[in-house]
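Report on one structure; see the data block that follows.
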Amino acid sequence: MKFLLAAVISLSAGAGFAQTPSSGAPFLSVNCGTPDQREQAAKAQLSNSSTPDVDLAAATRAIALGKAQHAKVLDGQPVDDPYRSASRFGALAKTATDPEIAELYRRTARDQLNRSIFTAAMRKASWATGLNDVSLAYAFQRLSSEGCGVEIDNLRWIRDRIVSRGWFKISAHGADADGAAFLLVQHADRDPDFQSQVLTLLEPLVAAGETKPLNFAYLFDRVAAANNRPQRYGTQGRCLPTGWTPVVAIEDVGGLEARRAAVGLPPHQEYVKRCVPAGTPKTPG
């Protein structure tokens, strides 16, 4: 199975922005077939190279660097952006005493890792620094294919847990567990009905202080976008070369800032400045 990645979640939380390749950036894809098909897909990236040996050598070095960073992430060791969020959840998994909460953190670390791989590729940062487009596409296929099936498996896991035990409430498991569960639900786009059900579940929990208002806001907009309805908080958009653009309209734009402030979101103009066009290095700070 081949997944074309036209967009990638580019914020550390992986909840709102999507990043679309600029005109000068390669269009990246991941083949999630059999191991042989994955390897053939990687090798196919070299077919148009005038210096395949050189490009393969560069990609091989990048893959080794990427795998080393990914091992650190999943081991809970600190790794800089774009892997910071993933490594934080990896660290939480190591220190969690409840096996189910530890598993939640491990799965969230892997979720964030998959997004960080694409962000690194699109920014040509981390392991992708200095690669030409051929080497980048080869390395990306090899690194990303290791995450094939993660989102489907995470969806099944989080859906089963919420159905059987309810939400990971802050009072019982802390804000980190609440945030981790939210990320898995937010990325469960293959089951929009499940996302809608969780949105209904979260609404009274916001008032009770058992989930962060931000979670409800992001998921509300995600569900609205999936159903082609106006979003309420202006969180769902794409980073185009021309800047941020919403995936669906925003309701009552005049009241947007008040709604955002009520759930702890920054002013919208400040928020969209965090949108970094693909292929553009992120400005420190």
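Within each chain, counting starts at residue 1; across the structure tokens, chains are named A, B, ... in the order shown, with ligands numbered 1 upward in that order.
Residues surrounding Ala226 of chain A within 10 Å are A:Asp189, A:Pro192, A:Asp193, A:Gln195, A:Ser196, A:Asp221, A:Arg222, A:Val223, A:Arg229, A:Val247, A:Val248 [only C-alpha atoms; sequence separation below 3 positions excluded].
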Could the residues in this selection be saved with C-alpha atoms as a compact mmCIF listing (two decimals), in the first residue's frame?
# COMPACT_ATOMS: atom_id res chain seq x y z
CA ASP A 189 -8.65 10.28 11.26
CA PRO A 192 -14.15 10.10 12.27
CA ASP A 193 -17.16 8.65 14.08
CA GLN A 195 -13.43 11.19 17.03
CA SER A 196 -16.95 12.63 17.18
CA ASP A 221 -12.09 21.79 14.82
CA ARG A 222 -10.76 18.43 13.62
CA VAL A 223 -14.23 16.90 13.66
CA ARG A 229 -18.28 22.32 8.72
CA VAL A 247 -8.76 23.75 5.73
CA VAL A 248 -12.38 24.84 6.30
Nearby residues (only C-alpha atoms) at most 10 Å from Lys273 of chain A, same-chain spacing under 4 positions excluded, as number ranges by chain:
A: 239, 243-244, 268-269
Selection: 12 Å around Thr34 of chain A, only C-alpha atoms, excl. self and same-chain fewer than 4 positions, as a PDB file with N, CA and C atoms, in the first residue's frame:
ATOM      1  N   MET A   1       0.849  -1.185   0.000  1.00  0.00           N
ATOM      2  CA  MET A   1       0.000   0.000   0.000  1.00  0.00           C
ATOM      3  C   MET A   1       0.882   1.231   0.000  1.00  0.00           C
ATOM      4  N   LYS A   2       0.546   2.202  -0.807  1.00  0.00           N
ATOM      5  CA  LYS A   2       1.347   3.415  -0.907  1.00  0.00           C
ATOM      6  C   LYS A   2       0.567   4.597  -0.384  1.00  0.00           C
ATOM      7  N   ARG A  38       8.792  -2.383   0.078  1.00  0.00           N
ATOM      8  CA  ARG A  38       9.333  -1.164   0.680  1.00  0.00           C
ATOM      9  C   ARG A  38      10.753  -0.901   0.192  1.00  0.00           C
ATOM     10  N   GLU A  39      11.542  -1.978   0.120  1.00  0.00           N
ATOM     11  CA  GLU A  39      12.916  -1.819  -0.348  1.00  0.00           C
ATOM     12  C   GLU A  39      12.950  -1.406  -1.812  1.00  0.00           C
ATOM     13  N   GLN A  40      12.087  -1.998  -2.619  1.00  0.00           N
ATOM     14  CA  GLN A  40      12.024  -1.622  -4.042  1.00  0.00           C
ATOM     15  C   GLN A  40      11.608  -0.168  -4.198  1.00  0.00           C
ATOM     16  N   ALA A  41      10.679   0.277  -3.355  1.00  0.00           N
ATOM     17  CA  ALA A  41      10.242   1.672  -3.427  1.00  0.00           C
ATOM     18  C   ALA A  41      11.388   2.616  -3.082  1.00  0.00           C
ATOM     19  N   SER A 145       9.001   4.066   6.514  1.00  0.00           N
ATOM     20  CA  SER A 145       8.314   2.783   6.370  1.00  0.00           C
ATOM     21  C   SER A 145       8.375   1.966   7.656  1.00  0.00           C
ATOM     22  N   GLU A 146       9.309   2.301   8.539  1.00  0.00           N
ATOM     23  CA  GLU A 146       9.358   1.611   9.824  1.00  0.00           C
ATOM     24  C   GLU A 146       8.137   1.945  10.679  1.00  0.00           C
ATOM     25  N   CYS A 148       5.050   2.225   9.391  1.00  0.00           N
ATOM     26  CA  CYS A 148       3.825   1.775   8.732  1.00  0.00           C
ATOM     27  C   CYS A 148       2.956   0.983   9.722  1.00  0.00           C
ATOM     28  N   GLY A 149       1.703   1.307   9.765  1.00  0.00           N
ATOM     29  CA  GLY A 149       0.770   0.591  10.630  1.00  0.00           C
ATOM     30  C   GLY A 149       0.628   1.166  12.018  1.00  0.00           C
TER      31      GLY A 149
END
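Of the residues listed (A:Ala177, A:Leu56, A:Val73, A:Ile170), A:Leu56 shows the shortest atom-to-atom separation from Ala42 of chain A; distances use only C-alpha atoms.
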Atom CA of Val206 of chain A sits from atom CA of Val263 of chain A at a separation of 9.6 Å
Contacts of Ile152 of chain A at 10 Å or less, counting only C-alpha atoms, minus same-chain residues fewer than 6 places along, as a ChimeraX atom specification?
/A:187-191
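Considering the residues A:Arg232, A:Arg159, A:Arg274, A:His173 and counting only C-alpha atoms, Leu256 of chain A has its shortest atom-to-atom contact with A:Arg232.
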Best match for closeness to Gln197 of chain A among A:Val272, A:Ile162, A:Leu113, A:Val30, counting only C-alpha atoms
A:Ile162
What's around segment 128-136 of chain A at 10 Å? Count only C-alpha atoms, leave out sequence neighbours fewer than 2 positions away in its own chain, and write the answer as a PyMOL selection string.
chain A and resi 24-28+42+44-52+54-63+65-66+117-126+138-142
Would you mind exporting N, CA and C atoms of the selected residues as a short mmCIF file (atom, residue, chain, number, x, y, z; two decimals), in the first residue's frame?
data_model
loop_
_atom_site.label_atom_id
_atom_site.label_comp_id
_atom_site.auth_asym_id
_atom_site.auth_seq_id
_atom_site.Cartn_x
_atom_site.Cartn_y
_atom_site.Cartn_z
N GLY A 24 9.78 24.09 -4.45
CA GLY A 24 11.13 23.59 -4.59
C GLY A 24 11.42 22.35 -3.78
N ALA A 25 10.43 21.88 -3.01
CA ALA A 25 10.65 20.72 -2.15
C ALA A 25 10.16 19.46 -2.82
N PRO A 26 10.79 18.31 -2.53
CA PRO A 26 10.34 17.06 -3.13
C PRO A 26 8.99 16.64 -2.58
N PHE A 27 8.22 15.92 -3.40
CA PHE A 27 6.96 15.35 -2.93
C PHE A 27 7.28 13.96 -2.42
N LEU A 28 7.11 13.72 -1.14
CA LEU A 28 7.56 12.50 -0.50
C LEU A 28 6.42 11.49 -0.40
N ALA A 42 12.21 2.23 -2.11
CA ALA A 42 13.36 3.07 -1.75
C ALA A 42 14.35 3.12 -2.91
N ALA A 44 13.82 2.69 -6.00
CA ALA A 44 13.26 3.40 -7.15
C ALA A 44 13.56 4.89 -7.09
N GLN A 45 13.81 5.41 -5.89
CA GLN A 45 14.11 6.83 -5.76
C GLN A 45 15.45 7.18 -6.41
N LEU A 46 16.30 6.16 -6.60
CA LEU A 46 17.62 6.40 -7.19
C LEU A 46 17.62 6.30 -8.71
N SER A 47 16.48 5.93 -9.30
CA SER A 47 16.45 5.62 -10.73
C SER A 47 16.76 6.83 -11.60
N ASN A 48 16.45 8.03 -11.12
CA ASN A 48 16.69 9.23 -11.92
C ASN A 48 17.97 9.96 -11.53
N SER A 49 18.77 9.31 -10.70
CA SER A 49 20.01 9.95 -10.25
C SER A 49 21.12 9.79 -11.27
N SER A 50 21.89 10.85 -11.49
CA SER A 50 23.06 10.77 -12.36
C SER A 50 24.28 10.27 -11.61
N THR A 51 24.18 10.26 -10.27
CA THR A 51 25.28 9.75 -9.43
C THR A 51 24.70 8.85 -8.34
N PRO A 52 24.13 7.70 -8.73
CA PRO A 52 23.41 6.86 -7.76
C PRO A 52 24.28 6.39 -6.60
N VAL A 54 26.86 7.91 -5.20
CA VAL A 54 27.07 9.03 -4.28
C VAL A 54 25.79 9.31 -3.49
N ASP A 55 24.66 9.31 -4.19
CA ASP A 55 23.39 9.61 -3.53
C ASP A 55 23.02 8.51 -2.53
N LEU A 56 23.29 7.26 -2.89
CA LEU A 56 23.00 6.16 -1.98
C LEU A 56 23.88 6.24 -0.73
N ALA A 57 25.12 6.59 -0.92
CA ALA A 57 26.03 6.71 0.23
C ALA A 57 25.56 7.81 1.18
N ALA A 58 25.14 8.95 0.63
CA ALA A 58 24.65 10.04 1.47
C ALA A 58 23.38 9.63 2.21
N ALA A 59 22.49 8.95 1.50
CA ALA A 59 21.24 8.51 2.12
C ALA A 59 21.51 7.48 3.21
N THR A 60 22.45 6.60 2.98
CA THR A 60 22.77 5.57 3.97
C THR A 60 23.30 6.19 5.25
N ARG A 61 24.14 7.21 5.12
CA ARG A 61 24.63 7.91 6.31
C ARG A 61 23.47 8.59 7.05
N ALA A 62 22.56 9.19 6.29
CA ALA A 62 21.42 9.87 6.90
C ALA A 62 20.51 8.87 7.61
N ILE A 63 20.31 7.71 7.01
CA ILE A 63 19.47 6.68 7.63
C ILE A 63 20.07 6.22 8.96
N LEU A 65 22.01 7.94 10.92
CA LEU A 65 21.82 9.02 11.87
C LEU A 65 20.39 9.07 12.35
N GLY A 66 19.43 8.94 11.41
CA GLY A 66 18.02 8.96 11.78
C GLY A 66 17.66 7.83 12.72
N ILE A 117 9.66 12.66 11.60
CA ILE A 117 10.44 12.20 10.45
C ILE A 117 10.09 13.04 9.22
N PHE A 118 8.81 13.25 9.00
CA PHE A 118 8.38 14.02 7.83
C PHE A 118 8.76 15.49 7.98
N THR A 119 8.61 16.02 9.19
CA THR A 119 8.98 17.41 9.41
C THR A 119 10.47 17.62 9.15
N ALA A 120 11.29 16.69 9.61
CA ALA A 120 12.73 16.78 9.37
C ALA A 120 13.02 16.75 7.87
N ALA A 121 12.32 15.88 7.15
CA ALA A 121 12.54 15.78 5.70
C ALA A 121 12.14 17.05 4.98
N MET A 122 10.99 17.60 5.34
CA MET A 122 10.50 18.78 4.64
C MET A 122 11.34 20.01 4.94
N ARG A 123 11.91 20.06 6.14
CA ARG A 123 12.76 21.20 6.50
C ARG A 123 14.23 20.95 6.14
N LYS A 124 14.52 19.70 5.73
CA LYS A 124 15.91 19.28 5.51
C LYS A 124 16.74 19.60 6.75
N ALA A 125 16.21 19.14 7.86
CA ALA A 125 16.84 19.34 9.16
C ALA A 125 17.19 17.99 9.76
N SER A 126 17.89 18.00 10.90
CA SER A 126 18.24 16.78 11.60
C SER A 126 18.99 15.83 10.66
N TYR A 138 15.03 8.70 -0.82
CA TYR A 138 15.43 7.33 -0.47
C TYR A 138 15.45 7.15 1.05
N ALA A 139 16.12 8.08 1.74
CA ALA A 139 16.23 7.96 3.19
C ALA A 139 14.85 8.07 3.84
N PHE A 140 14.03 8.95 3.34
CA PHE A 140 12.70 9.12 3.91
C PHE A 140 11.87 7.85 3.78
N GLN A 141 11.92 7.20 2.62
CA GLN A 141 11.18 5.95 2.43
C GLN A 141 11.64 4.90 3.44
N ARG A 142 12.94 4.78 3.60
CA ARG A 142 13.47 3.76 4.51
C ARG A 142 13.11 4.06 5.97
#
Across A:Val185, A:Ala180, A:Ala224, A:Ala175, the smallest distance to Glu151 of chain A, with only C-alpha atoms counted, is shown by A:Val185
Would you list, as an mmCIF file with C-alpha atoms, in the first residue's frame, the residues of segment 3-252 of chain A that end up in strand (DSSP E or B) under DSSP run on this structure's backbone?
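Writing the result to selection-v4.cif gives the following:
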data_model
loop_
_atom_site.group_PDB
_atom_site.id
_atom_site.type_symbol
_atom_site.label_atom_id
_atom_site.label_comp_id
_atom_site.auth_asym_id
_atom_site.auth_seq_id
_atom_site.Cartn_x
_atom_site.Cartn_y
_atom_site.Cartn_z
ATOM 1 C CA PHE A 3 0.564 6.524 1.099
ATOM 2 C CA LEU A 4 1.285 9.884 -0.506
ATOM 3 C CA VAL A 8 2.462 16.661 7.738
ATOM 4 C CA ILE A 9 1.568 17.806 11.191
ATOM 5 C CA PHE A 17 -0.931 22.720 11.379
ATOM 6 C CA ALA A 18 -0.318 20.690 8.275
ATOM 7 C CA GLN A 19 2.669 21.369 6.088
ATOM 8 C CA SER A 29 5.756 9.180 -0.391
ATOM 9 C CA VAL A 30 5.856 6.053 1.739
ATOM 10 C CA ASN A 31 5.251 2.549 0.408
ATOM 11 C CA GLN A 231 -14.208 25.327 12.610
ATOM 12 C CA GLY A 237 -4.846 24.786 8.587
ATOM 13 C CA ARG A 238 -2.061 24.116 6.134
ATOM 14 C CA CYS A 239 1.339 25.746 5.852
ATOM 15 C CA LEU A 240 1.552 26.712 2.192
ATOM 16 C CA GLY A 243 1.511 31.135 4.493
ATOM 17 C CA TRP A 244 -1.221 29.601 6.628
ATOM 18 C CA THR A 245 -4.624 28.794 5.133
ATOM 19 C CA PRO A 246 -7.596 27.150 6.930
ATOM 20 C CA ILE A 250 -13.863 29.725 10.533
#
Among segment 146-199 of chain A, which residues does DSSP mark as helix (DSSP H, G or I) when it is run on the backbone? Keep the chain and numbering as in the structure and answer as a PDB file with N, CA, C and O atoms, in the first residue's frame.
ATOM      1  N   GLU A 146       9.309   2.301   8.539  1.00  0.00           N
ATOM      2  CA  GLU A 146       9.358   1.611   9.824  1.00  0.00           C
ATOM      3  C   GLU A 146       8.137   1.945  10.679  1.00  0.00           C
ATOM      4  O   GLU A 146       7.823   1.218  11.626  1.00  0.00           O
ATOM      5  N   GLY A 147       7.464   3.039  10.362  1.00  0.00           N
ATOM      6  CA  GLY A 147       6.271   3.429  11.109  1.00  0.00           C
ATOM      7  C   GLY A 147       4.973   3.004  10.464  1.00  0.00           C
ATOM      8  O   GLY A 147       3.892   3.386  10.946  1.00  0.00           O
ATOM      9  N   VAL A 150       1.464   2.143  12.378  1.00  0.00           N
ATOM     10  CA  VAL A 150       1.413   2.688  13.736  1.00  0.00           C
ATOM     11  C   VAL A 150       0.074   3.355  14.020  1.00  0.00           C
ATOM     12  O   VAL A 150      -0.549   3.114  15.069  1.00  0.00           O
ATOM     13  N   GLU A 151      -0.396   4.200  13.109  1.00  0.00           N
ATOM     14  CA  GLU A 151      -1.640   4.922  13.365  1.00  0.00           C
ATOM     15  C   GLU A 151      -2.836   3.976  13.444  1.00  0.00           C
ATOM     16  O   GLU A 151      -3.732   4.174  14.268  1.00  0.00           O
ATOM     17  N   ILE A 152      -2.869   2.959  12.586  1.00  0.00           N
ATOM     18  CA  ILE A 152      -3.974   1.998  12.629  1.00  0.00           C
ATOM     19  C   ILE A 152      -3.957   1.246  13.950  1.00  0.00           C
ATOM     20  O   ILE A 152      -4.995   1.066  14.611  1.00  0.00           O
ATOM     21  N   ASP A 153      -2.774   0.810  14.364  1.00  0.00           N
ATOM     22  CA  ASP A 153      -2.651   0.084  15.625  1.00  0.00           C
ATOM     23  C   ASP A 153      -2.995   0.982  16.811  1.00  0.00           C
ATOM     24  O   ASP A 153      -3.687   0.565  17.750  1.00  0.00           O
ATOM     25  N   ASN A 154      -2.533   2.226  16.769  1.00  0.00           N
ATOM     26  CA  ASN A 154      -2.856   3.158  17.852  1.00  0.00           C
ATOM     27  C   ASN A 154      -4.345   3.444  17.927  1.00  0.00           C
ATOM     28  O   ASN A 154      -4.908   3.575  19.025  1.00  0.00           O
ATOM     29  N   LEU A 155      -4.982   3.558  16.770  1.00  0.00           N
ATOM     30  CA  LEU A 155      -6.426   3.794  16.749  1.00  0.00           C
ATOM     31  C   LEU A 155      -7.160   2.653  17.438  1.00  0.00           C
ATOM     32  O   LEU A 155      -8.035   2.886  18.289  1.00  0.00           O
ATOM     33  N   ARG A 156      -6.816   1.431  17.093  1.00  0.00           N
ATOM     34  CA  ARG A 156      -7.487   0.284  17.717  1.00  0.00           C
ATOM     35  C   ARG A 156      -7.263   0.275  19.218  1.00  0.00           C
ATOM     36  O   ARG A 156      -8.189   0.020  19.996  1.00  0.00           O
ATOM     37  N   TRP A 157      -6.043   0.585  19.630  1.00  0.00           N
ATOM     38  CA  TRP A 157      -5.709   0.542  21.056  1.00  0.00           C
ATOM     39  C   TRP A 157      -6.459   1.613  21.831  1.00  0.00           C
ATOM     40  O   TRP A 157      -7.090   1.322  22.845  1.00  0.00           O
ATOM     41  N   ILE A 158      -6.386   2.855  21.388  1.00  0.00           N
ATOM     42  CA  ILE A 158      -7.018   3.945  22.137  1.00  0.00           C
ATOM     43  C   ILE A 158      -8.536   3.818  22.100  1.00  0.00           C
ATOM     44  O   ILE A 158      -9.220   4.116  23.089  1.00  0.00           O
ATOM     45  N   ARG A 159      -9.079   3.339  20.994  1.00  0.00           N
ATOM     46  CA  ARG A 159     -10.533   3.155  20.927  1.00  0.00           C
ATOM     47  C   ARG A 159     -10.987   2.100  21.927  1.00  0.00           C
ATOM     48  O   ARG A 159     -11.968   2.289  22.649  1.00  0.00           O
ATOM     49  N   ASP A 160     -10.261   0.982  21.994  1.00  0.00           N
ATOM     50  CA  ASP A 160     -10.620  -0.072  22.944  1.00  0.00           C
ATOM     51  C   ASP A 160     -10.510   0.423  24.378  1.00  0.00           C
ATOM     52  O   ASP A 160     -11.374   0.124  25.216  1.00  0.00           O
ATOM     53  N   ARG A 161      -9.468   1.195  24.669  1.00  0.00           N
ATOM     54  CA  ARG A 161      -9.275   1.660  26.040  1.00  0.00           C
ATOM     55  C   ARG A 161     -10.371   2.643  26.459  1.00  0.00           C
ATOM     56  O   ARG A 161     -10.889   2.579  27.573  1.00  0.00           O
ATOM     57  N   ILE A 162     -10.725   3.552  25.579  1.00  0.00           N
ATOM     58  CA  ILE A 162     -11.736   4.549  25.931  1.00  0.00           C
ATOM     59  C   ILE A 162     -13.109   3.904  26.065  1.00  0.00           C
ATOM     60  O   ILE A 162     -13.890   4.243  26.962  1.00  0.00           O
ATOM     61  N   VAL A 163     -13.406   2.946  25.196  1.00  0.00           N
ATOM     62  CA  VAL A 163     -14.682   2.242  25.291  1.00  0.00           C
ATOM     63  C   VAL A 163     -14.772   1.468  26.607  1.00  0.00           C
ATOM     64  O   VAL A 163     -15.822   1.439  27.260  1.00  0.00           O
ATOM     65  N   SER A 164     -13.667   0.855  27.024  1.00  0.00           N
ATOM     66  CA  SER A 164     -13.697  -0.011  28.201  1.00  0.00           C
ATOM     67  C   SER A 164     -13.511   0.743  29.519  1.00  0.00           C
ATOM     68  O   SER A 164     -14.055   0.328  30.548  1.00  0.00           O
ATOM     69  N   ARG A 165     -12.757   1.857  29.507  1.00  0.00           N
ATOM     70  CA  ARG A 165     -12.419   2.504  30.768  1.00  0.00           C
ATOM     71  C   ARG A 165     -12.768   3.974  30.825  1.00  0.00           C
ATOM     72  O   ARG A 165     -12.642   4.608  31.863  1.00  0.00           O
ATOM     73  N   ILE A 170      -7.493  13.787  34.172  1.00  0.00           N
ATOM     74  CA  ILE A 170      -6.374  14.467  34.824  1.00  0.00           C
ATOM     75  C   ILE A 170      -6.287  14.099  36.298  1.00  0.00           C
ATOM     76  O   ILE A 170      -5.192  13.865  36.828  1.00  0.00           O
ATOM     77  N   SER A 171      -7.425  14.023  36.976  1.00  0.00           N
ATOM     78  CA  SER A 171      -7.412  13.731  38.415  1.00  0.00           C
ATOM     79  C   SER A 171      -6.867  12.344  38.715  1.00  0.00           C
ATOM     80  O   SER A 171      -6.301  12.104  39.780  1.00  0.00           O
ATOM     81  N   ALA A 172      -7.027  11.426  37.775  1.00  0.00           N
ATOM     82  CA  ALA A 172      -6.577  10.045  37.987  1.00  0.00           C
ATOM     83  C   ALA A 172      -5.174   9.797  37.464  1.00  0.00           C
ATOM     84  O   ALA A 172      -4.396   9.053  38.075  1.00  0.00           O
ATOM     85  N   HIS A 173      -4.825  10.407  36.330  1.00  0.00           N
ATOM     86  CA  HIS A 173      -3.568  10.048  35.665  1.00  0.00           C
ATOM     87  C   HIS A 173      -2.670  11.227  35.315  1.00  0.00           C
ATOM     88  O   HIS A 173      -1.554  11.028  34.836  1.00  0.00           O
ATOM     89  N   ALA A 175      -2.028  15.427  33.735  1.00  0.00           N
ATOM     90  CA  ALA A 175      -2.223  16.167  32.485  1.00  0.00           C
ATOM     91  C   ALA A 175      -1.474  15.547  31.317  1.00  0.00           C
ATOM     92  O   ALA A 175      -1.915  15.648  30.172  1.00  0.00           O
ATOM     93  N   ASP A 176      -0.339  14.902  31.576  1.00  0.00           N
ATOM     94  CA  ASP A 176       0.418  14.301  30.472  1.00  0.00           C
ATOM     95  C   ASP A 176      -0.352  13.145  29.836  1.00  0.00           C
ATOM     96  O   ASP A 176      -0.360  12.989  28.611  1.00  0.00           O
ATOM     97  N   ALA A 177      -0.985  12.328  30.659  1.00  0.00           N
ATOM     98  CA  ALA A 177      -1.780  11.216  30.124  1.00  0.00           C
ATOM     99  C   ALA A 177      -2.977  11.738  29.350  1.00  0.00           C
ATOM    100  O   ALA A 177      -3.324  11.218  28.279  1.00  0.00           O
ATOM    101  N   ASP A 178      -3.617  12.767  29.880  1.00  0.00           N
ATOM    102  CA  ASP A 178      -4.723  13.422  29.177  1.00  0.00           C
ATOM    103  C   ASP A 178      -4.253  13.911  27.806  1.00  0.00           C
ATOM    104  O   ASP A 178      -4.913  13.689  26.787  1.00  0.00           O
ATOM    105  N   GLY A 179      -3.098  14.557  27.764  1.00  0.00           N
ATOM    106  CA  GLY A 179      -2.578  15.070  26.500  1.00  0.00           C
ATOM    107  C   GLY A 179      -2.182  13.977  25.539  1.00  0.00           C
ATOM    108  O   GLY A 179      -2.384  14.086  24.323  1.00  0.00           O
ATOM    109  N   ALA A 180      -1.606  12.893  26.052  1.00  0.00           N
ATOM    110  CA  ALA A 180      -1.202  11.779  25.190  1.00  0.00           C
ATOM    111  C   ALA A 180      -2.418  11.117  24.554  1.00  0.00           C
ATOM    112  O   ALA A 180      -2.443  10.829  23.352  1.00  0.00           O
ATOM    113  N   ALA A 181      -3.445  10.874  25.360  1.00  0.00           N
ATOM    114  CA  ALA A 181      -4.663  10.264  24.824  1.00  0.00           C
ATOM    115  C   ALA A 181      -5.291  11.164  23.768  1.00  0.00           C
ATOM    116  O   ALA A 181      -5.759  10.689  22.713  1.00  0.00           O
ATOM    117  N   PHE A 182      -5.280  12.457  24.030  1.00  0.00           N
ATOM    118  CA  PHE A 182      -5.823  13.400  23.049  1.00  0.00           C
ATOM    119  C   PHE A 182      -5.091  13.293  21.712  1.00  0.00           C
ATOM    120  O   PHE A 182      -5.715  13.275  20.648  1.00  0.00           O
ATOM    121  N   LEU A 183      -3.776  13.224  21.738  1.00  0.00           N
ATOM    122  CA  LEU A 183      -3.027  13.157  20.478  1.00  0.00           C
ATOM    123  C   LEU A 183      -3.381  11.909  19.679  1.00  0.00           C
ATOM    124  O   LEU A 183      -3.507  11.958  18.451  1.00  0.00           O
ATOM    125  N   LEU A 184      -3.546  10.782  20.355  1.00  0.00           N
ATOM    126  CA  LEU A 184      -3.907   9.560  19.633  1.00  0.00           C
ATOM    127  C   LEU A 184      -5.300   9.682  19.018  1.00  0.00           C
ATOM    128  O   LEU A 184      -5.534   9.213  17.895  1.00  0.00           O
ATOM    129  N   VAL A 185      -6.212  10.313  19.741  1.00  0.00           N
ATOM    130  CA  VAL A 185      -7.562  10.515  19.200  1.00  0.00           C
ATOM    131  C   VAL A 185      -7.518  11.525  18.052  1.00  0.00           C
ATOM    132  O   VAL A 185      -8.156  11.328  17.003  1.00  0.00           O
ATOM    133  N   GLN A 186      -6.783  12.600  18.233  1.00  0.00           N
ATOM    134  CA  GLN A 186      -6.706  13.646  17.207  1.00  0.00           C
ATOM    135  C   GLN A 186      -6.165  13.091  15.891  1.00  0.00           C
ATOM    136  O   GLN A 186      -6.547  13.558  14.813  1.00  0.00           O
ATOM    137  N   PRO A 192     -13.574   8.811  11.848  1.00  0.00           N
ATOM    138  CA  PRO A 192     -14.147  10.099  12.268  1.00  0.00           C
ATOM    139  C   PRO A 192     -15.324   9.959  13.218  1.00  0.00           C
ATOM    140  O   PRO A 192     -15.565  10.852  14.036  1.00  0.00           O
ATOM    141  N   ASP A 193     -16.057   8.850  13.138  1.00  0.00           N
ATOM    142  CA  ASP A 193     -17.163   8.652  14.077  1.00  0.00           C
ATOM    143  C   ASP A 193     -16.629   8.516  15.504  1.00  0.00           C
ATOM    144  O   ASP A 193     -17.230   9.053  16.455  1.00  0.00           O
ATOM    145  N   PHE A 194     -15.531   7.817  15.646  1.00  0.00           N
ATOM    146  CA  PHE A 194     -14.900   7.682  16.962  1.00  0.00           C
ATOM    147  C   PHE A 194     -14.448   9.044  17.474  1.00  0.00           C
ATOM    148  O   PHE A 194     -14.666   9.386  18.645  1.00  0.00           O
ATOM    149  N   GLN A 195     -13.841   9.849  16.613  1.00  0.00           N
ATOM    150  CA  GLN A 195     -13.432  11.190  17.026  1.00  0.00           C
ATOM    151  C   GLN A 195     -14.628  12.014  17.486  1.00  0.00           C
ATOM    152  O   GLN A 195     -14.541  12.739  18.485  1.00  0.00           O
ATOM    153  N   SER A 196     -15.740  11.899  16.787  1.00  0.00           N
ATOM    154  CA  SER A 196     -16.951  12.628  17.180  1.00  0.00           C
ATOM    155  C   SER A 196     -17.458  12.163  18.540  1.00  0.00           C
ATOM    156  O   SER A 196     -17.911  12.966  19.369  1.00  0.00           O
ATOM    157  N   GLN A 197     -17.402  10.856  18.777  1.00  0.00           N
ATOM    158  CA  GLN A 197     -17.850  10.309  20.057  1.00  0.00           C
ATOM    159  C   GLN A 197     -16.974  10.814  21.206  1.00  0.00           C
ATOM    160  O   GLN A 197     -17.475  11.148  22.285  1.00  0.00           O
ATOM    161  N   VAL A 198     -15.665  10.876  20.961  1.00  0.00           N
ATOM    162  CA  VAL A 198     -14.760  11.366  22.000  1.00  0.00           C
ATOM    163  C   VAL A 198     -15.003  12.855  22.256  1.00  0.00           C
ATOM    164  O   VAL A 198     -14.940  13.320  23.397  1.00  0.00           O
ATOM    165  N   LEU A 199     -15.287  13.599  21.200  1.00  0.00           N
ATOM    166  CA  LEU A 199     -15.588  15.023  21.376  1.00  0.00           C
ATOM    167  C   LEU A 199     -16.767  15.204  22.324  1.00  0.00           C
ATOM    168  O   LEU A 199     -16.733  16.057  23.226  1.00  0.00           O
TER     169      LEU A 199
END
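Taking only C-alpha atoms, the non-local environment of Ser85 of chain A within 9 Å (same-chain residues fewer than 4 positions away omitted) comprises Ser12, Ala13, Val79, Asp80, Asp81, Phe89, Gly90, Ala109, Gln112, Leu113 and Ser116 of chain A.
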Write the residues of the preceding selection, restricted to C-alpha atoms, as a PDB file, in the first residue's frame.
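File out-v2.pdb, as written:
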ATOM      1  CA  SER A  12       5.214  19.661  18.294  1.00  0.00           C
ATOM      2  CA  ALA A  13       1.727  18.765  19.503  1.00  0.00           C
ATOM      3  CA  VAL A  79      16.503  14.893  21.272  1.00  0.00           C
ATOM      4  CA  ASP A  80      16.150  18.387  19.822  1.00  0.00           C
ATOM      5  CA  ASP A  81      13.471  19.538  17.381  1.00  0.00           C
ATOM      6  CA  PHE A  89       6.737  11.053  25.711  1.00  0.00           C
ATOM      7  CA  GLY A  90       9.474   8.438  25.450  1.00  0.00           C
ATOM      8  CA  ALA A 109       6.049   8.782  21.371  1.00  0.00           C
ATOM      9  CA  GLN A 112       5.017  11.931  17.358  1.00  0.00           C
ATOM     10  CA  LEU A 113       8.118  10.243  15.955  1.00  0.00           C
ATOM     11  CA  SER A 116       8.883  14.303  13.223  1.00  0.00           C
TER      12      SER A 116
END
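Separating atom CA of Ala91 of chain A from atom CA of Glu210 of chain A is a distance of 23.1 Å.
Each of A:Leu214, A:Pro78, A:Ala137, A:Tyr105 was checked against Lys43 of chain A using only C-alpha atoms; the smallest atom-to-atom distance is that of A:Ala137.
Here atom CA of Thr235 of chain A stands at a distance of 22.9 Å from atom CA of Arg110 of chain A.
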